[in-house]
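*Asks:* Supplied structure: model00.cif, mmCIF, N, CA and C atoms.
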```cif
data_work
#
loop_
_atom_site.label_atom_id
_atom_site.label_comp_id
_atom_site.auth_asym_id
_atom_site.auth_seq_id
_atom_site.Cartn_x
_atom_site.Cartn_y
_atom_site.Cartn_z
N MET E 1 3.25 -12.50 21.18
CA MET E 1 1.84 -12.16 21.10
C MET E 1 1.69 -10.87 20.30
N TYR E 2 0.66 -10.80 19.48
CA TYR E 2 0.41 -9.62 18.65
C TYR E 2 -0.19 -8.50 19.48
N SER E 3 0.18 -7.28 19.16
CA SER E 3 -0.41 -6.12 19.82
C SER E 3 -1.77 -5.83 19.18
N SER E 4 -2.57 -5.04 19.87
CA SER E 4 -3.87 -4.64 19.32
C SER E 4 -3.69 -3.90 18.01
N TYR E 5 -2.63 -3.08 17.93
CA TYR E 5 -2.36 -2.33 16.71
C TYR E 5 -2.09 -3.27 15.54
N SER E 6 -1.29 -4.31 15.77
CA SER E 6 -0.96 -5.27 14.71
C SER E 6 -2.20 -5.99 14.22
N ILE E 7 -3.07 -6.33 15.14
CA ILE E 7 -4.31 -7.03 14.77
C ILE E 7 -5.19 -6.11 13.93
N LEU E 8 -5.29 -4.83 14.30
CA LEU E 8 -6.08 -3.88 13.52
C LEU E 8 -5.51 -3.71 12.12
N TYR E 9 -4.19 -3.57 12.04
CA TYR E 9 -3.55 -3.40 10.75
C TYR E 9 -3.80 -4.61 9.87
N SER E 10 -3.63 -5.80 10.43
CA SER E 10 -3.82 -7.03 9.66
C SER E 10 -5.25 -7.14 9.16
N ALA E 11 -6.21 -6.81 10.01
CA ALA E 11 -7.62 -6.91 9.61
C ALA E 11 -7.92 -5.95 8.47
N ALA E 12 -7.40 -4.74 8.53
CA ALA E 12 -7.64 -3.76 7.46
C ALA E 12 -6.94 -4.17 6.17
N TYR E 13 -5.75 -4.70 6.29
CA TYR E 13 -4.96 -5.08 5.12
C TYR E 13 -5.58 -6.26 4.38
N LEU E 14 -6.29 -7.12 5.09
CA LEU E 14 -6.81 -8.34 4.49
C LEU E 14 -8.24 -8.22 3.96
N LEU E 15 -8.80 -7.02 3.94
CA LEU E 15 -10.14 -6.85 3.38
C LEU E 15 -10.13 -7.28 1.91
N THR E 16 -11.21 -7.90 1.48
CA THR E 16 -11.26 -8.43 0.12
C THR E 16 -12.29 -7.69 -0.73
N LEU E 17 -12.12 -7.78 -2.02
CA LEU E 17 -13.07 -7.21 -2.96
C LEU E 17 -14.20 -8.18 -3.18
N SER E 18 -15.43 -7.64 -3.34
CA SER E 18 -16.61 -8.49 -3.48
C SER E 18 -17.17 -8.52 -4.89
N GLY E 19 -16.73 -7.64 -5.75
CA GLY E 19 -17.24 -7.62 -7.11
C GLY E 19 -17.00 -6.27 -7.74
N GLU E 20 -17.53 -6.11 -8.94
CA GLU E 20 -17.38 -4.86 -9.66
C GLU E 20 -18.54 -3.92 -9.34
N ALA E 21 -18.25 -2.63 -9.33
CA ALA E 21 -19.27 -1.61 -9.08
C ALA E 21 -20.19 -1.49 -10.29
N ASP E 22 -21.48 -1.35 -10.03
CA ASP E 22 -22.48 -1.13 -11.07
C ASP E 22 -22.56 0.38 -11.28
N GLU E 23 -22.27 0.83 -12.49
CA GLU E 23 -22.25 2.27 -12.80
C GLU E 23 -23.53 2.98 -12.36
N SER E 24 -24.68 2.30 -12.47
CA SER E 24 -25.95 2.94 -12.12
C SER E 24 -26.12 3.13 -10.62
N LEU E 25 -25.29 2.48 -9.80
CA LEU E 25 -25.39 2.60 -8.34
C LEU E 25 -24.29 3.46 -7.72
N ILE E 26 -23.39 3.98 -8.56
CA ILE E 26 -22.31 4.83 -8.06
C ILE E 26 -22.88 6.20 -7.70
N LEU E 27 -22.59 6.65 -6.50
CA LEU E 27 -23.07 7.94 -6.02
C LEU E 27 -22.02 9.01 -6.32
N ASP E 28 -22.40 10.01 -7.10
CA ASP E 28 -21.46 11.07 -7.49
C ASP E 28 -20.93 11.85 -6.29
N ASP E 29 -21.76 12.00 -5.26
CA ASP E 29 -21.36 12.77 -4.09
C ASP E 29 -21.07 11.87 -2.89
N ALA E 30 -20.62 10.66 -3.16
CA ALA E 30 -20.39 9.67 -2.10
C ALA E 30 -19.34 10.15 -1.11
N GLY E 31 -19.69 10.03 0.14
CA GLY E 31 -18.73 10.34 1.20
C GLY E 31 -17.93 9.11 1.56
N ALA E 32 -16.74 9.32 2.07
CA ALA E 32 -15.90 8.20 2.50
C ALA E 32 -16.29 7.79 3.91
N ALA E 33 -16.66 6.54 4.07
CA ALA E 33 -16.95 6.00 5.40
C ALA E 33 -15.65 5.76 6.14
N LEU E 34 -14.60 5.41 5.40
CA LEU E 34 -13.30 5.10 5.99
C LEU E 34 -12.22 5.37 4.95
N THR E 35 -11.13 5.96 5.38
CA THR E 35 -9.95 6.16 4.52
C THR E 35 -8.75 5.59 5.24
N ILE E 36 -8.00 4.75 4.55
CA ILE E 36 -6.79 4.14 5.10
C ILE E 36 -5.63 4.49 4.17
N THR E 37 -4.53 4.95 4.76
CA THR E 37 -3.33 5.25 3.99
C THR E 37 -2.23 4.29 4.41
N TYR E 38 -1.70 3.57 3.44
CA TYR E 38 -0.57 2.66 3.68
C TYR E 38 0.70 3.33 3.17
N HIS E 39 1.74 3.27 3.96
CA HIS E 39 3.04 3.82 3.57
C HIS E 39 3.91 2.63 3.15
N THR E 40 4.23 2.56 1.87
CA THR E 40 4.98 1.41 1.36
C THR E 40 6.48 1.58 1.60
N ASN E 41 7.20 0.49 1.52
CA ASN E 41 8.65 0.52 1.66
C ASN E 41 9.31 1.31 0.54
N ALA E 42 8.62 1.45 -0.59
CA ALA E 42 9.15 2.21 -1.73
C ALA E 42 8.97 3.71 -1.53
N GLY E 43 8.32 4.10 -0.42
CA GLY E 43 8.15 5.52 -0.13
C GLY E 43 6.91 6.14 -0.74
N GLU E 44 6.05 5.34 -1.33
CA GLU E 44 4.83 5.85 -1.92
C GLU E 44 3.65 5.54 -1.00
N ASP E 45 2.73 6.47 -0.91
CA ASP E 45 1.52 6.23 -0.12
C ASP E 45 0.44 5.62 -1.01
N VAL E 46 -0.27 4.66 -0.47
CA VAL E 46 -1.43 4.08 -1.13
C VAL E 46 -2.63 4.49 -0.28
N VAL E 47 -3.56 5.23 -0.89
CA VAL E 47 -4.74 5.72 -0.19
C VAL E 47 -5.95 4.93 -0.68
N ILE E 48 -6.62 4.29 0.27
CA ILE E 48 -7.82 3.53 -0.06
C ILE E 48 -8.99 4.14 0.69
N ARG E 49 -10.01 4.51 -0.08
CA ARG E 49 -11.22 5.08 0.51
C ARG E 49 -12.38 4.13 0.27
N TYR E 50 -13.18 3.93 1.30
CA TYR E 50 -14.37 3.10 1.22
C TYR E 50 -15.55 4.05 1.17
N LEU E 51 -16.16 4.14 -0.02
CA LEU E 51 -17.18 5.15 -0.30
C LEU E 51 -18.58 4.59 -0.19
N GLU E 52 -19.52 5.47 0.19
CA GLU E 52 -20.93 5.10 0.17
C GLU E 52 -21.28 4.66 -1.25
N TYR E 53 -22.25 3.77 -1.35
CA TYR E 53 -22.61 3.17 -2.63
C TYR E 53 -24.12 2.98 -2.66
N GLY E 54 -24.72 2.88 -3.81
CA GLY E 54 -26.16 2.77 -3.97
C GLY E 54 -26.76 1.43 -3.59
N ASN E 55 -26.00 0.56 -2.98
CA ASN E 55 -26.49 -0.72 -2.46
C ASN E 55 -26.01 -0.78 -1.02
N GLU E 56 -26.94 -0.87 -0.09
CA GLU E 56 -26.60 -0.77 1.33
C GLU E 56 -25.74 -1.91 1.87
N ASN E 57 -25.47 -2.93 1.08
CA ASN E 57 -24.65 -4.06 1.54
C ASN E 57 -23.17 -3.91 1.18
N PHE E 58 -22.82 -2.85 0.44
CA PHE E 58 -21.45 -2.70 -0.05
C PHE E 58 -20.94 -1.27 0.11
N TYR E 59 -19.61 -1.16 0.12
CA TYR E 59 -18.93 0.12 -0.05
C TYR E 59 -18.16 0.01 -1.35
N GLN E 60 -18.08 1.13 -2.06
CA GLN E 60 -17.26 1.19 -3.26
C GLN E 60 -15.83 1.47 -2.81
N VAL E 61 -14.88 0.78 -3.39
CA VAL E 61 -13.47 0.92 -3.02
C VAL E 61 -12.77 1.83 -4.02
N ASP E 62 -12.16 2.90 -3.52
CA ASP E 62 -11.36 3.80 -4.34
C ASP E 62 -9.91 3.60 -3.91
N ASN E 63 -9.13 2.97 -4.76
CA ASN E 63 -7.72 2.69 -4.48
C ASN E 63 -6.88 3.60 -5.35
N ASN E 64 -6.42 4.71 -4.77
CA ASN E 64 -5.63 5.71 -5.52
C ASN E 64 -6.31 6.14 -6.81
N GLY E 65 -7.63 6.35 -6.76
CA GLY E 65 -8.37 6.84 -7.91
C GLY E 65 -9.00 5.76 -8.77
N VAL E 66 -8.68 4.50 -8.55
CA VAL E 66 -9.30 3.39 -9.27
C VAL E 66 -10.49 2.94 -8.42
N ASP E 67 -11.69 3.09 -8.95
CA ASP E 67 -12.88 2.84 -8.13
C ASP E 67 -13.90 1.92 -8.81
N TYR E 68 -13.43 0.83 -9.34
CA TYR E 68 -14.30 -0.10 -10.07
C TYR E 68 -14.89 -1.20 -9.19
N PHE E 69 -14.42 -1.34 -7.97
CA PHE E 69 -14.76 -2.53 -7.19
C PHE E 69 -15.51 -2.20 -5.91
N LEU E 70 -16.08 -3.25 -5.33
CA LEU E 70 -16.86 -3.17 -4.10
C LEU E 70 -16.27 -4.08 -3.04
N THR E 71 -16.62 -3.78 -1.79
CA THR E 71 -16.29 -4.68 -0.69
C THR E 71 -17.51 -4.77 0.22
N ASP E 72 -17.62 -5.86 0.93
CA ASP E 72 -18.74 -6.11 1.83
C ASP E 72 -18.76 -5.06 2.93
N LYS E 73 -19.88 -4.41 3.11
CA LYS E 73 -20.03 -3.35 4.10
C LYS E 73 -19.76 -3.84 5.52
N ARG E 74 -20.14 -5.06 5.82
CA ARG E 74 -19.95 -5.58 7.19
C ARG E 74 -18.49 -5.59 7.60
N GLY E 75 -17.59 -5.93 6.68
CA GLY E 75 -16.16 -5.97 7.00
C GLY E 75 -15.63 -4.58 7.32
N ILE E 76 -16.05 -3.58 6.56
CA ILE E 76 -15.60 -2.21 6.81
C ILE E 76 -16.19 -1.69 8.11
N ASP E 77 -17.47 -1.95 8.33
CA ASP E 77 -18.11 -1.52 9.57
C ASP E 77 -17.43 -2.16 10.79
N ASP E 78 -17.02 -3.41 10.66
CA ASP E 78 -16.32 -4.10 11.74
C ASP E 78 -14.97 -3.43 12.02
N ILE E 79 -14.23 -3.11 10.96
CA ILE E 79 -12.93 -2.44 11.12
C ILE E 79 -13.12 -1.09 11.81
N MET E 80 -14.12 -0.33 11.40
CA MET E 80 -14.36 0.98 12.02
C MET E 80 -14.71 0.83 13.50
N SER E 81 -15.49 -0.18 13.83
CA SER E 81 -15.83 -0.43 15.23
C SER E 81 -14.59 -0.80 16.03
N ARG E 82 -13.73 -1.64 15.45
CA ARG E 82 -12.49 -2.02 16.13
C ARG E 82 -11.58 -0.82 16.36
N TYR E 83 -11.45 0.05 15.36
CA TYR E 83 -10.63 1.26 15.52
C TYR E 83 -11.20 2.17 16.60
N ASP E 84 -12.53 2.34 16.61
CA ASP E 84 -13.14 3.17 17.64
C ASP E 84 -12.86 2.62 19.04
N THR E 85 -13.01 1.31 19.20
CA THR E 85 -12.74 0.67 20.49
C THR E 85 -11.28 0.83 20.88
N PHE E 86 -10.38 0.61 19.92
CA PHE E 86 -8.95 0.76 20.17
C PHE E 86 -8.63 2.19 20.61
N ALA E 87 -9.18 3.18 19.92
CA ALA E 87 -8.91 4.57 20.24
C ALA E 87 -9.45 4.91 21.63
N THR E 88 -10.63 4.44 21.94
CA THR E 88 -11.22 4.70 23.26
C THR E 88 -10.41 4.03 24.36
N ASP E 89 -10.05 2.77 24.15
CA ASP E 89 -9.31 2.02 25.16
C ASP E 89 -7.92 2.58 25.40
N ASN E 90 -7.36 3.25 24.39
CA ASN E 90 -5.99 3.78 24.50
C ASN E 90 -5.96 5.30 24.61
N ASN E 91 -7.14 5.89 24.92
CA ASN E 91 -7.25 7.34 25.10
C ASN E 91 -6.64 8.13 23.95
N LEU E 92 -6.94 7.70 22.73
CA LEU E 92 -6.41 8.39 21.55
C LEU E 92 -7.41 9.42 21.02
#
```
Reformat the file's structure so that it appears as structure tokens.

*Replies:*
Amino acid sequence: MYSSYSILYSAAYLLTLSGEADESLILDDAGAALTITYHTNAGEDVVIRYLEYGNENFYQVDNNGVDYFLTDKRGIDDIMSRYDTFATDNNL
């Protein structure tokens, strides 16, 4: 049986891109709603930030400085809710 941690990791890892960012909707001062750092077997960290965007249905994805794409806001909001619940349930 999978642990709660494994399920959270899998859900975050499987987030998909929804399209390309529209330059006119990119917020210069966008805050990160969520930042996830993956530690690869090669010893390099991959940092993915989900940034506020000028369309309320999406977050802009910044993958190690490449920020051309979007992802559905609902998926990120769901992941954040799951992490909050996990942290509360495990007194983290």

*Asks:* Report the distance between atom C of Asp89 of chain E and atom CA of Tyr38 of chain E in Å, rounded to one decimal place.

*Replies:*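 Separation of atom C of Asp89 of chain E and atom CA of Tyr38 of chain E: 22.9 Å.
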
*Asks:* So, with all atoms listed in the file as the atoms that count, which of E:Val46, E:Ala21, E:Ala87, E:Ile36 lies closest to Asp67 of chain E?

*Replies:* E:Ala21

*Asks:* Just the number, please: distance in Å from atom CA of Arg74 of chain E to atom CA of Glu56 of chain E, one decimal.

*Replies:*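 Computed distance, atom CA of Arg74 of chain E to atom CA of Glu56 of chain E, equals 10.1 Å.
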
*Asks:* Just how far from atom CA of Asn90 of chain E is atom CA of Thr71 of chain E, in Å to one decimal?

*Replies:*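 Calculated distance between atom CA of Thr71 of chain E and atom CA of Asn90 of chain E is 28.5 Å.
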
*Asks:* Which protein, DNA or RNA residues are at most 5 Å from (-18.0, -0.7, -10.8) in the file's coordinates when you count only N, CA and C atoms, listed as JSON, numbers by chain?

*Replies:* {"E": [20, 21, 22, 23, 68, 69]}

*Asks:* Written as number ranges by chain, what is the full residue list that the PyMOL selection byres (((chain E and resi 58-63 and name CA) around 12) and name CA) yields on the file shown?

*Replies:* E: 15-23, 25-28, 30-38, 45-57, 64-77

*Asks:* From segment 9-65 of chain E, collect each residue whose DSSP state is strand (DSSP E) and return the set as a list of chain:residue names.

*Replies:* E:Gly19, E:Glu20, E:Ala32, E:Ala33, E:Leu34, E:Thr35, E:Ile36, E:Thr37, E:Tyr38, E:His39, E:Asp45, E:Val46, E:Val47, E:Ile48, E:Arg49, E:Tyr50, E:Leu51, E:Phe58, E:Tyr59, E:Gln60, E:Val61, E:Asp62, E:Asn63

*Asks:* Grab the residues selected above and save them as a PDB file, keeping the file's coordinate frame with N, CA and C atoms.

*Replies:*
```
ATOM      1  N   GLY E  19     -16.730  -7.640  -5.750  1.00  0.00           N
ATOM      2  CA  GLY E  19     -17.240  -7.620  -7.110  1.00  0.00           C
ATOM      3  C   GLY E  19     -17.000  -6.270  -7.740  1.00  0.00           C
ATOM      4  N   GLU E  20     -17.530  -6.110  -8.940  1.00  0.00           N
ATOM      5  CA  GLU E  20     -17.380  -4.860  -9.660  1.00  0.00           C
ATOM      6  C   GLU E  20     -18.540  -3.920  -9.340  1.00  0.00           C
ATOM      7  N   ALA E  32     -16.740   9.320   2.070  1.00  0.00           N
ATOM      8  CA  ALA E  32     -15.900   8.200   2.500  1.00  0.00           C
ATOM      9  C   ALA E  32     -16.290   7.790   3.910  1.00  0.00           C
ATOM     10  N   ALA E  33     -16.660   6.540   4.070  1.00  0.00           N
ATOM     11  CA  ALA E  33     -16.950   6.000   5.400  1.00  0.00           C
ATOM     12  C   ALA E  33     -15.650   5.760   6.140  1.00  0.00           C
ATOM     13  N   LEU E  34     -14.600   5.410   5.400  1.00  0.00           N
ATOM     14  CA  LEU E  34     -13.300   5.100   5.990  1.00  0.00           C
ATOM     15  C   LEU E  34     -12.220   5.370   4.950  1.00  0.00           C
ATOM     16  N   THR E  35     -11.130   5.960   5.380  1.00  0.00           N
ATOM     17  CA  THR E  35      -9.950   6.160   4.520  1.00  0.00           C
ATOM     18  C   THR E  35      -8.750   5.590   5.240  1.00  0.00           C
ATOM     19  N   ILE E  36      -8.000   4.750   4.550  1.00  0.00           N
ATOM     20  CA  ILE E  36      -6.790   4.140   5.100  1.00  0.00           C
ATOM     21  C   ILE E  36      -5.630   4.490   4.170  1.00  0.00           C
ATOM     22  N   THR E  37      -4.530   4.950   4.760  1.00  0.00           N
ATOM     23  CA  THR E  37      -3.330   5.250   3.990  1.00  0.00           C
ATOM     24  C   THR E  37      -2.230   4.290   4.410  1.00  0.00           C
ATOM     25  N   TYR E  38      -1.700   3.570   3.440  1.00  0.00           N
ATOM     26  CA  TYR E  38      -0.570   2.660   3.680  1.00  0.00           C
ATOM     27  C   TYR E  38       0.700   3.330   3.170  1.00  0.00           C
ATOM     28  N   HIS E  39       1.740   3.270   3.960  1.00  0.00           N
ATOM     29  CA  HIS E  39       3.040   3.820   3.570  1.00  0.00           C
ATOM     30  C   HIS E  39       3.910   2.630   3.150  1.00  0.00           C
ATOM     31  N   ASP E  45       2.730   6.470  -0.910  1.00  0.00           N
ATOM     32  CA  ASP E  45       1.520   6.230  -0.120  1.00  0.00           C
ATOM     33  C   ASP E  45       0.440   5.620  -1.010  1.00  0.00           C
ATOM     34  N   VAL E  46      -0.270   4.660  -0.470  1.00  0.00           N
ATOM     35  CA  VAL E  46      -1.430   4.080  -1.130  1.00  0.00           C
ATOM     36  C   VAL E  46      -2.630   4.490  -0.280  1.00  0.00           C
ATOM     37  N   VAL E  47      -3.560   5.230  -0.890  1.00  0.00           N
ATOM     38  CA  VAL E  47      -4.740   5.720  -0.190  1.00  0.00           C
ATOM     39  C   VAL E  47      -5.950   4.930  -0.680  1.00  0.00           C
ATOM     40  N   ILE E  48      -6.620   4.290   0.270  1.00  0.00           N
ATOM     41  CA  ILE E  48      -7.820   3.530  -0.060  1.00  0.00           C
ATOM     42  C   ILE E  48      -8.990   4.140   0.690  1.00  0.00           C
ATOM     43  N   ARG E  49     -10.010   4.510  -0.080  1.00  0.00           N
ATOM     44  CA  ARG E  49     -11.220   5.080   0.510  1.00  0.00           C
ATOM     45  C   ARG E  49     -12.380   4.130   0.270  1.00  0.00           C
ATOM     46  N   TYR E  50     -13.180   3.930   1.300  1.00  0.00           N
ATOM     47  CA  TYR E  50     -14.370   3.100   1.220  1.00  0.00           C
ATOM     48  C   TYR E  50     -15.550   4.050   1.170  1.00  0.00           C
ATOM     49  N   LEU E  51     -16.160   4.140  -0.020  1.00  0.00           N
ATOM     50  CA  LEU E  51     -17.180   5.150  -0.300  1.00  0.00           C
ATOM     51  C   LEU E  51     -18.580   4.590  -0.190  1.00  0.00           C
ATOM     52  N   PHE E  58     -22.820  -2.850   0.440  1.00  0.00           N
ATOM     53  CA  PHE E  58     -21.450  -2.700  -0.050  1.00  0.00           C
ATOM     54  C   PHE E  58     -20.940  -1.270   0.110  1.00  0.00           C
ATOM     55  N   TYR E  59     -19.610  -1.160   0.120  1.00  0.00           N
ATOM     56  CA  TYR E  59     -18.930   0.120  -0.050  1.00  0.00           C
ATOM     57  C   TYR E  59     -18.160   0.010  -1.350  1.00  0.00           C
ATOM     58  N   GLN E  60     -18.080   1.130  -2.060  1.00  0.00           N
ATOM     59  CA  GLN E  60     -17.260   1.190  -3.260  1.00  0.00           C
ATOM     60  C   GLN E  60     -15.830   1.470  -2.810  1.00  0.00           C
ATOM     61  N   VAL E  61     -14.880   0.780  -3.390  1.00  0.00           N
ATOM     62  CA  VAL E  61     -13.470   0.920  -3.020  1.00  0.00           C
ATOM     63  C   VAL E  61     -12.770   1.830  -4.020  1.00  0.00           C
ATOM     64  N   ASP E  62     -12.160   2.900  -3.520  1.00  0.00           N
ATOM     65  CA  ASP E  62     -11.360   3.800  -4.340  1.00  0.00           C
ATOM     66  C   ASP E  62      -9.910   3.600  -3.910  1.00  0.00           C
ATOM     67  N   ASN E  63      -9.130   2.970  -4.760  1.00  0.00           N
ATOM     68  CA  ASN E  63      -7.720   2.690  -4.480  1.00  0.00           C
ATOM     69  C   ASN E  63      -6.880   3.600  -5.350  1.00  0.00           C
TER      70      ASN E  63
END
```

*Asks:* I'd like to know which residues of chain E are helix (DSSP H, G or I) (by DSSP, run on the backbone); could you write them as a PyMOL selection string?

*Replies:* chain E and resi 4-13+23-25+73-89
